[in-house]
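As structure tokens, the structure follows; a few thoughts come after it.
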Amino acid sequence: MKLRYLIILLVILSFVSVFIGVSSVSPFDLFHLTEDQAQILLVSRVPRLVSILIAGMSMSVAGLIMQQLSRNKFVSPTTAGTLDSARLGVLVSLMVFTAASPIQRILVSFGFALIGTFIFMKVLDRIKFKDAIFIPLVGLMFGNIISSLATFIAYKNDLIQNMSSWMQGDFSMIMSGNYEVIYISIPIMLIAFFYANKFTIAGMGEDFSKNLGLNYRQVVNIGLVIVALVTSSVVLTVGVIPFLGLIIPNIVTIYQGDHLKKTLLHTALLGAIFVLFCDIVGRTIIYPYEIPISLTVGVIGSAIFIYLLLRRKKYGL
Amino acid sequence: MVEVKNLLKTYNQKNVVDDVSLKIEKGTMTSFIGPNGAGKSTLISIITRLIAKDSGDIQIDGQDVLKTDSNELAKKISVLKQSNSINLKLTVRELVSFGRFPYSKGKLTKEDEKKIDESLAYMELEDLENKYLDELSGGQRQRAHIAMVIAQDTEYIFLDEPLNNLDMRHSTQIMKILRRLVDELGKTILIVIHDINFASCYSDNIVALKDGKIVKQGRACDVIDACVLKELYDMDIEIQEIGDKRICVYY
């Protein structure tokens, strides 16, 4: 798959995405927009598109970095407790600082996501039995513990409805004014590109890294900070999008290998395309109503995931 | 010159490396032999800063290893541990390119590319350079790792059981290449090895270790000696001279 095709596909889908919706705006109106149409584009459609692109890219890249650093193809923010920790962080920030600004919320959520991911990586260090499937199972258990803790706190404080809104990823509430926090992901992703070589080397283990004079701990920590920041900014604006960080990097690996220098851009683009596609499906399938993104991604993503698992058996990925 | 003084490392109150002192001359090949658990791999890992020591002193060319910047050290010493653990899908060329990381941090210059080509040629891997590592046989993969170490272009090369899981043909091939690295390029090679006949035939010096202590160190012909080997392995080993080589018969 050439990079060029991915870019063309992304542009076409982005174009389609902007012109789907209840109030009709057609591409032909673009040069003589009514005031209403211009409003819809600027306040709702374009912010939605931007957040889809950023969320798709950054969650896929976060998954890729986690897989590289944990040296396990099945570890991602969903299967390592990162997402659950980020959600717990949002909850805590809602309770403790009731009038928190988006930036304060993201900081609290980021702190929790970071601590959660660190704990998971520490657990990983101590596990002797490094089976490929066993490790993500540990991560899922760990995530569920945190998640049940969050649910408990939410029940106690009558926040359960509030919380379920971040459980399901949903782009329909995105409007200009409430999504801008997600822009934090852009500079973070640039840093990820800058570290591509180092992440690849770190993925080959501590001894290998030290031999090449690489500060292994530092690189791993930077990776985890990137993952936690990106995850919490997406959870805060869009919500949880399952499977994304798991399947996209695995698909790219199949045709592009494991060198981050070659896979990062592909992973980012394919992630954006995948979310964009799922969003368009979700918006058209029961038009004029909408299916939340976490559902469409969940259905399509789990099918792909099962395919990847079966394929892995065949070829021994 | 590698100079180790009174090195000590303790795990669970057991001295894994116990008061080891040694000197390795430049431009030689030194084998570390000894039974399982003798502390050979640990010793190599400590000298190459992969594991922290408890006490003692390690100097390479008069510089304290722990006080030298890790990246600078990576241009002077390279270490290859048992390598079958890497399961990333990388091509041979990508792996070898990592050898240039200490110099260029991933932005390969013309000179880096030249070094990579040379190392691939040295290990006869040109035809395989775009193959993924998981498509290679054990011997080819081991050659790819050694090619990376050659691309790293360090004066000192440490190898931990490079012949593990290789058949005789590939083992001999690897040992011949290592010998050439010493003779042609003037490298200093330190190698942990189990097969004492390979150690006897290819190395200049041998260090024999048991229970973390040095039993004997010296020229290969002096260490390959019935008495020394009896003490080392607790078994009678007959030594026969075939041509100019001392071969141990222990079967």
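In the structure tokens, the first chain shown is A, the next is B, and so on; residue numbers restart at 1 for each chain, and ligands run from 1 in the order shown.
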Residue hits in chain B, query chain A, radius 6 Å, only C-alpha atoms, as an MDAnalysis selection string: chainID B and resid 70:71 74 78:79 86 88:90 102
Distance query B:Gly56 at most 8 Å, only C-alpha atoms, self and fewer than 4 positions along chain excluded, as a ChimeraX atom specification: /B:4-8,19
Those of stretch 1-237 of chain B in DSSP strand (DSSP E), formatted as a ChimeraX atom specification: /B:2-11,14-24,29-33,55-60,63-64,77-80,156-160,188-192,205-210,213-219
For A:Arg217: contacts at 9 Å, only C-alpha atoms, fewer than 4 positions along chain excluded, given as a list in words: Ala202, Glu206, Asn221 and Ile222 of chain A
Those of stretch 42-81 of chain B in DSSP alpha helix (DSSP H), formatted as number ranges by chain: B: 42-47, 70-73
Restricting it to C-alpha atoms, dump the selection as a compact mmCIF listing (two decimals), in the first residue's frame.
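The new file again27.txt reads:
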```txt
# COMPACT_ATOMS: atom_id res chain seq x y z
CA THR B 42 27.50 -11.73 34.04
CA LEU B 43 31.14 -10.72 33.83
CA ILE B 44 30.75 -9.64 30.19
CA SER B 45 27.56 -7.74 31.00
CA ILE B 46 29.24 -5.88 33.85
CA ILE B 47 32.29 -4.92 31.79
CA SER B 70 27.23 5.99 27.30
CA ASN B 71 27.04 7.21 23.72
CA GLU B 72 30.81 7.76 23.50
CA LEU B 73 31.32 4.29 24.93
```
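Taking atom CA of A:Ser109 as the reference point, atom CA of A:Val90 is found at 5.1 Å.
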Close residues, stretch 112-120 of chain B itself excluded, 7 Å, only C-alpha atoms, min 6 positions apart in chain, as a count of residues only: 7
